>>> print(open('coords-v5.cif').read())   # mmCIF, C-alpha atoms
data_my_file
#
loop_
_atom_site.group_PDB
_atom_site.id
_atom_site.type_symbol
_atom_site.label_atom_id
_atom_site.label_comp_id
_atom_site.auth_asym_id
_atom_site.auth_seq_id
_atom_site.Cartn_x
_atom_site.Cartn_y
_atom_site.Cartn_z
ATOM 1 C CA MET A 990 18.397 -5.575 15.693
ATOM 2 C CA ILE A 991 18.252 -1.785 15.485
ATOM 3 C CA VAL A 992 21.089 -0.135 13.609
ATOM 4 C CA ARG A 993 22.311 2.664 15.894
ATOM 5 C CA CYS A 994 23.381 5.415 13.561
ATOM 6 C CA ALA A 995 25.048 8.676 14.457
ATOM 7 C CA MET A 996 22.767 11.701 14.567
ATOM 8 C CA VAL A 997 25.096 13.572 12.182
ATOM 9 C CA ASP A 998 24.806 12.871 8.446
ATOM 10 C CA ILE A 999 22.540 9.878 9.001
ATOM 11 C CA LEU A 1000 21.357 8.242 5.787
ATOM 12 C CA TYR A 1001 18.315 6.038 5.227
ATOM 13 C CA PRO A 1002 17.839 3.471 2.421
ATOM 14 C CA ILE A 1003 14.708 4.818 0.733
ATOM 15 C CA ILE A 1004 12.699 2.755 -1.728
ATOM 16 C CA GLU A 1005 10.056 5.380 -2.428
ATOM 17 C CA ILE A 1006 8.340 8.496 -1.110
ATOM 18 C CA PHE A 1007 4.828 9.246 -2.316
ATOM 19 C CA SER A 1008 1.501 10.745 -1.289
ATOM 20 C CA SER A 1009 -1.682 8.683 -1.390
ATOM 21 C CA ILE A 1010 -4.437 7.524 0.957
ATOM 22 C CA GLN A 1011 -3.847 5.215 3.908
ATOM 23 C CA GLY A 1012 -5.535 2.017 2.791
ATOM 24 C CA GLU A 1013 -5.667 0.007 6.003
ATOM 25 C CA GLY A 1014 -5.827 0.078 9.777
ATOM 26 C CA PHE A 1015 -7.064 2.723 12.185
ATOM 27 C CA HIS A 1016 -6.190 5.659 9.890
ATOM 28 C CA MET A 1017 -7.714 4.111 6.753
ATOM 29 C CA GLY A 1018 -9.080 6.689 4.356
ATOM 30 C CA LYS A 1019 -6.828 9.560 5.425
ATOM 31 C CA GLY A 1020 -4.509 11.292 3.007
ATOM 32 C CA ALA A 1021 -0.897 10.487 3.852
ATOM 33 C CA THR A 1022 2.672 10.732 2.660
ATOM 34 C CA PHE A 1023 4.502 7.400 2.759
ATOM 35 C CA ILE A 1024 8.228 6.969 3.305
ATOM 36 C CA ARG A 1025 9.249 3.389 2.507
ATOM 37 C CA VAL A 1026 12.634 2.186 3.724
ATOM 38 C CA ALA A 1027 14.476 -0.877 2.444
ATOM 39 C CA GLY A 1028 15.518 -3.960 4.382
ATOM 40 C CA CYS A 1029 13.604 -6.403 6.553
ATOM 41 C CA ASN A 1030 14.572 -8.888 9.229
ATOM 42 C CA LEU A 1031 11.687 -11.322 8.571
ATOM 43 C CA ARG A 1032 10.837 -11.371 4.843
ATOM 44 C CA CYS A 1033 7.470 -13.131 5.050
ATOM 45 C CA SER A 1034 6.601 -15.142 1.942
ATOM 46 C CA TRP A 1035 3.238 -13.420 1.443
ATOM 47 C CA CYS A 1036 4.535 -9.869 1.983
ATOM 48 C CA ASP A 1037 3.023 -7.476 -0.564
ATOM 49 C CA THR A 1038 6.030 -5.156 -0.464
ATOM 50 C CA GLY A 1039 8.742 -7.747 -1.005
ATOM 51 C CA TYR A 1040 10.452 -5.371 -3.428
ATOM 52 C CA SER A 1041 11.552 -3.378 -0.376
ATOM 53 C CA PHE A 1042 13.702 -6.239 0.978
ATOM 54 C CA ASP A 1043 16.618 -5.497 -1.350
ATOM 55 C CA LEU A 1044 18.879 -2.675 -0.156
ATOM 56 C CA SER A 1045 20.453 -2.450 -3.606
ATOM 57 C CA LYS A 1046 17.144 -1.118 -4.950
ATOM 58 C CA SER A 1047 17.127 1.775 -2.499
ATOM 59 C CA LYS A 1048 18.621 5.249 -2.578
ATOM 60 C CA TRP A 1049 20.527 6.344 0.525
ATOM 61 C CA MET A 1050 19.107 9.718 1.520
ATOM 62 C CA SER A 1051 19.713 12.251 4.267
ATOM 63 C CA VAL A 1052 16.911 13.737 6.335
ATOM 64 C CA ASP A 1053 17.163 16.999 4.383
ATOM 65 C CA ALA A 1054 16.947 15.130 1.079
ATOM 66 C CA ILE A 1055 13.910 13.141 2.225
ATOM 67 C CA VAL A 1056 12.071 16.251 3.329
ATOM 68 C CA ALA A 1057 12.967 18.026 0.084
ATOM 69 C CA ALA A 1058 11.886 15.083 -2.078
ATOM 70 C CA GLU A 1059 8.172 15.442 -1.319
ATOM 71 C CA HIS A 1060 5.975 18.412 -0.490
ATOM 72 C CA PHE A 1061 4.407 16.593 2.492
ATOM 73 C CA SER A 1062 1.091 18.364 1.999
ATOM 74 C CA HIS A 1063 -0.712 15.821 4.183
ATOM 75 C CA GLN A 1064 -0.425 16.088 7.948
ATOM 76 C CA LEU A 1065 -0.187 12.292 8.266
ATOM 77 C CA VAL A 1066 3.195 10.732 7.444
ATOM 78 C CA VAL A 1067 3.627 6.949 7.428
ATOM 79 C CA ILE A 1068 7.114 5.462 7.780
ATOM 80 C CA THR A 1069 6.937 1.922 6.470
ATOM 81 C CA GLY A 1070 9.035 -0.743 4.825
ATOM 82 C CA GLY A 1071 10.496 -3.215 4.785
ATOM 83 C CA GLU A 1072 11.118 -2.871 8.497
ATOM 84 C CA PRO A 1073 11.793 0.754 9.489
ATOM 85 C CA THR A 1074 12.891 -0.022 13.057
ATOM 86 C CA LEU A 1075 16.164 -1.358 11.661
ATOM 87 C CA TYR A 1076 17.276 2.280 11.582
ATOM 88 C CA ASN A 1077 17.436 5.115 14.088
ATOM 89 C CA LEU A 1078 14.416 7.188 13.092
ATOM 90 C CA GLU A 1079 14.785 9.947 15.658
ATOM 91 C CA PRO A 1080 16.396 12.535 13.325
ATOM 92 C CA LEU A 1081 13.801 11.922 10.615
ATOM 93 C CA VAL A 1082 10.850 12.094 12.993
ATOM 94 C CA ARG A 1083 12.239 15.251 14.574
ATOM 95 C CA ALA A 1084 12.450 16.923 11.153
ATOM 96 C CA LEU A 1085 8.899 15.871 10.270
ATOM 97 C CA HIS A 1086 7.597 17.194 13.580
ATOM 98 C CA LYS A 1087 9.194 20.550 12.788
ATOM 99 C CA LEU A 1088 6.977 20.575 9.695
ATOM 100 C CA GLY A 1089 3.954 19.972 11.931
ATOM 101 C CA LYS A 1090 3.438 16.387 10.780
ATOM 102 C CA TYR A 1091 1.798 13.502 12.639
ATOM 103 C CA VAL A 1092 4.238 10.616 12.237
ATOM 104 C CA THR A 1093 3.167 6.985 12.266
ATOM 105 C CA ILE A 1094 5.194 3.830 11.773
ATOM 106 C CA GLU A 1095 4.308 0.396 10.423
ATOM 107 C CA THR A 1096 6.448 -2.308 12.038
ATOM 108 C CA ASN A 1097 6.534 -6.077 12.476
ATOM 109 C CA GLY A 1098 7.057 -5.487 16.200
ATOM 110 C CA THR A 1099 10.347 -7.352 16.499
ATOM 111 C CA ASN A 1100 12.326 -4.358 17.764
ATOM 112 C CA PRO A 1101 11.661 -1.957 20.629
ATOM 113 C CA ILE A 1102 10.797 1.604 19.612
ATOM 114 C CA PRO A 1103 12.537 4.131 21.874
ATOM 115 C CA VAL A 1104 10.302 6.821 23.332
ATOM 116 C CA GLU A 1105 12.839 9.451 22.292
ATOM 117 C CA TRP A 1106 12.092 8.737 18.643
ATOM 118 C CA GLY A 1107 8.819 10.589 19.201
ATOM 119 C CA ILE A 1108 6.637 8.377 17.011
ATOM 120 C CA ASP A 1109 3.011 9.570 17.332
ATOM 121 C CA TRP A 1110 1.305 6.289 16.390
ATOM 122 C CA ILE A 1111 2.684 2.746 16.220
ATOM 123 C CA THR A 1112 1.029 0.138 14.020
ATOM 124 C CA ALA A 1113 2.477 -3.277 14.817
ATOM 125 C CA SER A 1114 1.841 -6.392 12.775
ATOM 126 C CA PRO A 1115 3.296 -9.404 14.625
ATOM 127 C CA LYS A 1116 4.321 -12.169 12.239
ATOM 128 C CA PRO A 1117 4.402 -15.982 12.425
ATOM 129 C CA ALA A 1118 8.083 -15.951 11.381
ATOM 130 C CA ASN A 1119 8.819 -14.455 14.787
ATOM 131 C CA GLY A 1120 6.290 -16.474 16.762
ATOM 132 C CA PHE A 1121 3.948 -13.445 16.766
ATOM 133 C CA ALA A 1122 6.193 -11.843 19.397
ATOM 134 C CA LEU A 1123 5.763 -8.149 20.131
ATOM 135 C CA SER A 1124 8.736 -6.157 21.424
ATOM 136 C CA CYS A 1125 7.345 -2.646 21.203
ATOM 137 C CA ARG A 1126 4.440 -0.580 22.406
ATOM 138 C CA ALA A 1127 1.582 -0.515 19.918
ATOM 139 C CA ASP A 1128 -1.364 1.803 19.312
ATOM 140 C CA GLU A 1129 -2.954 -0.764 17.034
ATOM 141 C CA LEU A 1130 -2.282 -4.369 16.101
ATOM 142 C CA LYS A 1131 -2.764 -6.015 12.719
ATOM 143 C CA TYR A 1132 -2.640 -9.780 12.301
ATOM 144 C CA VAL A 1133 -2.622 -11.410 8.869
ATOM 145 C CA VAL A 1134 -5.098 -14.272 9.074
ATOM 146 C CA ASP A 1135 -3.160 -17.007 7.318
ATOM 147 C CA ASP A 1136 -3.297 -20.758 7.892
ATOM 148 C CA GLU A 1137 -1.009 -20.454 10.937
ATOM 149 C CA PHE A 1138 -3.005 -17.759 12.696
ATOM 150 C CA SER A 1139 -4.801 -18.650 15.916
ATOM 151 C CA ILE A 1140 -6.743 -16.414 18.279
ATOM 152 C CA ASP A 1141 -4.307 -17.491 20.984
ATOM 153 C CA VAL A 1142 -1.475 -15.458 19.441
ATOM 154 C CA ILE A 1143 -3.180 -12.108 19.961
ATOM 155 C CA SER A 1144 -0.925 -10.025 22.128
ATOM 156 C CA LYS A 1145 -1.887 -9.390 25.725
ATOM 157 C CA HIS A 1146 -0.168 -6.023 25.570
ATOM 158 C CA ASP A 1147 -2.146 -2.943 26.499
ATOM 159 C CA VAL A 1148 -3.881 -2.036 23.246
ATOM 160 C CA PRO A 1149 -7.124 -0.028 23.516
ATOM 161 C CA GLU A 1150 -10.318 -1.847 22.608
ATOM 162 C CA GLY A 1151 -11.279 -1.770 18.961
ATOM 163 C CA ARG A 1152 -7.706 -1.478 17.684
ATOM 164 C CA ILE A 1153 -6.959 -5.100 16.828
ATOM 165 C CA PHE A 1154 -7.413 -5.802 13.127
ATOM 166 C CA LEU A 1155 -7.634 -9.213 11.469
ATOM 167 C CA GLN A 1156 -6.191 -8.641 8.005
ATOM 168 C CA ILE A 1157 -7.309 -10.736 5.047
ATOM 169 C CA GLU A 1158 -4.383 -12.568 3.452
ATOM 170 C CA SER A 1159 -4.022 -11.586 -0.208
ATOM 171 C CA GLY A 1160 -7.797 -11.530 -0.703
ATOM 172 C CA ARG A 1161 -8.113 -15.275 0.010
ATOM 173 C CA GLN A 1162 -11.694 -16.396 0.657
ATOM 174 C CA GLU A 1163 -10.458 -18.864 3.296
ATOM 175 C CA SER A 1164 -8.755 -16.046 5.171
ATOM 176 C CA LEU A 1165 -11.863 -13.884 5.011
ATOM 177 C CA GLN A 1166 -14.046 -16.694 6.337
ATOM 178 C CA LYS A 1167 -11.620 -17.417 9.178
ATOM 179 C CA ALA A 1168 -11.482 -13.751 10.203
ATOM 180 C CA TYR A 1169 -15.265 -13.454 9.977
ATOM 181 C CA ASP A 1170 -15.731 -16.485 12.213
ATOM 182 C CA LEU A 1171 -13.201 -15.290 14.809
ATOM 183 C CA ILE A 1172 -14.731 -11.827 15.048
ATOM 184 C CA ASN A 1173 -18.137 -13.325 15.706
ATOM 185 C CA ARG A 1174 -16.839 -16.022 18.048
ATOM 186 C CA TYR A 1175 -14.944 -13.615 20.305
ATOM 187 C CA PRO A 1176 -17.070 -10.446 20.574
ATOM 188 C CA GLU A 1177 -15.441 -9.554 23.890
ATOM 189 C CA LEU A 1178 -12.155 -8.868 22.057
ATOM 190 C CA GLN A 1179 -13.810 -6.235 19.835
ATOM 191 C CA LEU A 1180 -11.792 -7.428 16.849
ATOM 192 C CA ARG A 1181 -12.064 -5.550 13.568
ATOM 193 C CA LEU A 1182 -11.934 -6.893 10.025
ATOM 194 C CA GLY A 1183 -8.949 -5.437 8.212
ATOM 195 C CA ILE A 1184 -9.004 -4.898 4.466
ATOM 196 C CA GLN A 1185 -6.557 -3.218 2.115
ATOM 197 C CA MET A 1186 -8.729 -0.522 0.601
ATOM 198 C CA HIS A 1187 -6.002 0.515 -1.825
ATOM 199 C CA LYS A 1188 -6.100 -2.954 -3.377
ATOM 200 C CA VAL A 1189 -9.888 -3.192 -3.436
ATOM 201 C CA LEU A 1190 -10.189 0.217 -5.126
ATOM 202 C CA ASN A 1191 -6.970 -0.183 -7.112
ATOM 203 C CA PHE A 1192 -4.957 2.833 -6.087
ATOM 204 C CA ARG A 1193 -1.393 3.103 -4.873
#
>>> encode(input="coords-v5.cif", output="structure tokens")
Amino acid sequence: MIVRCAMVDILYPIIEIFSSIQGEGFHMGKGATFIRVAGCNLRCSWCDTGYSFDLSKSKWMSVDAIVAAEHFSHQLVVITGGEPTLYNLEPLVRALHKLGKYVTIETNGTNPIPVEWGIDWITASPKPANGFALSCRADELKYVVDDEFSIDVISKHDVPEGRIFLQIESGRQESLQKAYDLINRYPELQLRLGIQMHKVLNFR
């Protein structure tokens, strides 16, 4: 459920803001500034950012404070979590656009994303905890290939060819083999193998 906050004095629970390199998905390899919000409505057991679940570990920040906290030297800004669609992101995105930034979001796809938010790129990662349902438009899809994953769960939503990633679960060899087999078994889907470059190369 999206928390509908007033446009005036809106605050976001921020876990961290930092600049690095996007380590996965369509924009992998690009320099980016990450804004990580706290709170999640699914809390998957294998989530690699489980520390973001706890709101008590966050700092409530205004849009002005967020923008002032980081130089935002990269054009690409990634709003991630946790689950960022729990909050009204329109004021934040508007401020980032004024800085000339390209704003992307990483979401589990459980909430709709209003057009008026102005998100430039939506990365959705449907999860088994929600029956792999997708409630928003997506520019790319990422599926974690765990034991529950089946090719049948891939969304039939309108996602351009070559933008569906099969993500390896926590570096497990079984997950890699399953993704490898599916990509070769269904060439018509133009699936892509998804890795977490930041973990392979050991950077944040």
>>> residues_around(input="coords-v5.cif", residues="Val1134 of chain A", least_positions_apart="5", cutoff="9 Å", atoms="all atoms listed in the file", output="number ranges by chain")
A: 1139, 1155-1158, 1164-1165, 1167-1168
>>> resolve_selection(input="coords-v5.cif", expression="the PyMOL selection byres ((chain A and resi 1116) around 8)", output="ChimeraX atom specification")
/A:1033,1097,1114-1115,1117-1122,1132-1133
>>> atom_distance(input="coords-v5.cif", atom1="atom CA of Phe1061 of chain A", atom2="atom CA of Ile1010 of chain A")
12.8 Å
>>> resolve_selection(input="coords-v5.cif", expression="the PyMOL selection byres ((chain A and resi 1124-1127) around 6)", output="VMD selection string")
chain A and resid 1098 to 1102 1111 to 1113 1123 1128 to 1129
>>> residues_around(input="coords-v5.cif", residues="Leu1088 of chain A", least_positions_apart="5", cutoff="10 Å", atoms="all atoms listed in the file", output="PDB file with C-alpha atoms, in the coordinates of the input")
ATOM      1  CA  VAL A1056      12.071  16.251   3.329  1.00  0.00           C
ATOM      2  CA  PHE A1061       4.407  16.593   2.492  1.00  0.00           C
ATOM      3  CA  SER A1062       1.091  18.364   1.999  1.00  0.00           C
ATOM      4  CA  GLN A1064      -0.425  16.088   7.948  1.00  0.00           C
ATOM      5  CA  VAL A1082      10.850  12.094  12.993  1.00  0.00           C
ATOM      6  CA  ARG A1083      12.239  15.251  14.574  1.00  0.00           C
TER       7      ARG A1083
END
>>> closest_residue(input="coords-v5.cif", among="A:Ala1057, A:Cys1029, A:Val1104, A:Ile1094", to="Glu1072 of chain A", atoms="all atoms listed in the file")
A:Cys1029
>>> resolve_selection(input="coords-v5.cif", expression="the PyMOL selection byres ((chain A and resi 1039-1052) around 8)", output="PyMOL selection string")
chain A and resi 998-1005+1025-1029+1032+1036-1038+1053-1056+1070-1071+1080-1081+1084
>>> atom_distance(input="coords-v5.cif", atom1="atom CA of Gly1151 of chain A", atom2="atom CA of Leu1180 of chain A")
6.1 Å
>>> closest_residue(input="coords-v5.cif", among="A:Phe1023, A:Tyr1076, A:Trp1106, A:Phe1154", to="Leu1171 of chain A", atoms="all atoms listed in the file")
A:Phe1154
>>> closest_residue(input="coords-v5.cif", among="A:Leu1031, A:Val1148, A:Ser1009, A:Ile1140", to="Asp1170 of chain A", atoms="all atoms listed in the file")
A:Ile1140
>>> atom_distance(input="coords-v5.cif", atom1="atom CA of Leu1065 of chain A", atom2="atom CA of Pro1103 of chain A")
20.3 Å
>>> decode(input="coords-v5.cif", residues="segment 1092-1156 of chain A", atoms="C-alpha atoms", output="short mmCIF file (atom, residue, chain, number, x, y, z; two decimals), in the first residue's frame")
data_model
loop_
_atom_site.label_atom_id
_atom_site.label_comp_id
_atom_site.auth_asym_id
_atom_site.auth_seq_id
_atom_site.Cartn_x
_atom_site.Cartn_y
_atom_site.Cartn_z
CA VAL A 1092 15.80 8.86 -12.10
CA THR A 1093 15.29 5.12 -11.89
CA ILE A 1094 13.52 3.02 -9.29
CA GLU A 1095 13.99 -0.55 -8.11
CA THR A 1096 10.70 -2.06 -6.93
CA ASN A 1097 9.17 -5.44 -6.14
CA GLY A 1098 6.24 -4.46 -8.37
CA THR A 1099 3.53 -4.82 -5.74
CA ASN A 1100 2.34 -1.21 -5.97
CA PRO A 1101 1.31 0.89 -8.96
CA ILE A 1102 3.67 3.73 -9.86
CA PRO A 1103 1.73 6.87 -10.80
CA VAL A 1104 2.75 8.52 -14.05
CA GLU A 1105 2.87 11.88 -12.28
CA TRP A 1106 5.83 10.70 -10.23
CA GLY A 1107 7.88 11.11 -13.41
CA ILE A 1108 10.12 8.07 -12.92
CA ASP A 1109 12.36 7.72 -16.02
CA TRP A 1110 13.05 3.98 -15.72
CA ILE A 1111 11.29 1.29 -13.68
CA THR A 1112 13.11 -1.89 -12.71
CA ALA A 1113 10.62 -4.38 -11.29
CA SER A 1114 11.57 -7.60 -9.57
CA PRO A 1115 8.41 -9.65 -8.94
CA LYS A 1116 8.76 -11.91 -5.91
CA PRO A 1117 7.41 -15.34 -4.95
CA ALA A 1118 6.06 -13.89 -1.68
CA ASN A 1119 3.53 -12.03 -3.79
CA GLY A 1120 2.89 -14.77 -6.33
CA PHE A 1121 5.18 -12.95 -8.80
CA ALA A 1122 2.38 -10.42 -9.36
CA LEU A 1123 3.21 -7.18 -11.14
CA SER A 1124 1.12 -4.08 -10.42
CA CYS A 1125 3.17 -1.45 -12.20
CA ARG A 1126 4.59 -0.66 -15.60
CA ALA A 1127 8.14 -1.91 -16.01
CA ASP A 1128 11.02 -1.02 -18.32
CA GLU A 1129 12.88 -4.14 -17.26
CA LEU A 1130 12.08 -7.22 -15.20
CA LYS A 1131 14.41 -9.12 -12.89
CA TYR A 1132 13.50 -12.53 -11.52
CA VAL A 1133 15.57 -14.22 -8.82
CA VAL A 1134 15.98 -17.82 -9.93
CA ASP A 1135 15.34 -19.64 -6.68
CA ASP A 1136 13.83 -23.09 -6.14
CA GLU A 1137 10.30 -21.70 -6.60
CA PHE A 1138 10.96 -19.94 -9.89
CA SER A 1139 9.31 -21.28 -13.02
CA ILE A 1140 9.34 -19.88 -16.54
CA ASP A 1141 5.56 -19.72 -16.30
CA VAL A 1142 5.70 -16.81 -13.84
CA ILE A 1143 7.32 -14.41 -16.28
CA SER A 1144 5.02 -11.47 -16.67
CA LYS A 1145 3.06 -11.06 -19.87
CA HIS A 1146 3.21 -7.30 -19.46
CA ASP A 1147 4.61 -5.23 -22.30
CA VAL A 1148 8.35 -5.30 -21.64
CA PRO A 1149 10.64 -4.76 -24.65
CA GLU A 1150 12.63 -7.76 -25.82
CA GLY A 1151 15.96 -8.30 -24.13
CA ARG A 1152 14.93 -6.67 -20.85
CA ILE A 1153 14.03 -9.73 -18.79
CA PHE A 1154 16.87 -10.77 -16.50
CA LEU A 1155 17.20 -14.08 -14.65
CA GLN A 1156 19.15 -13.18 -11.52
#
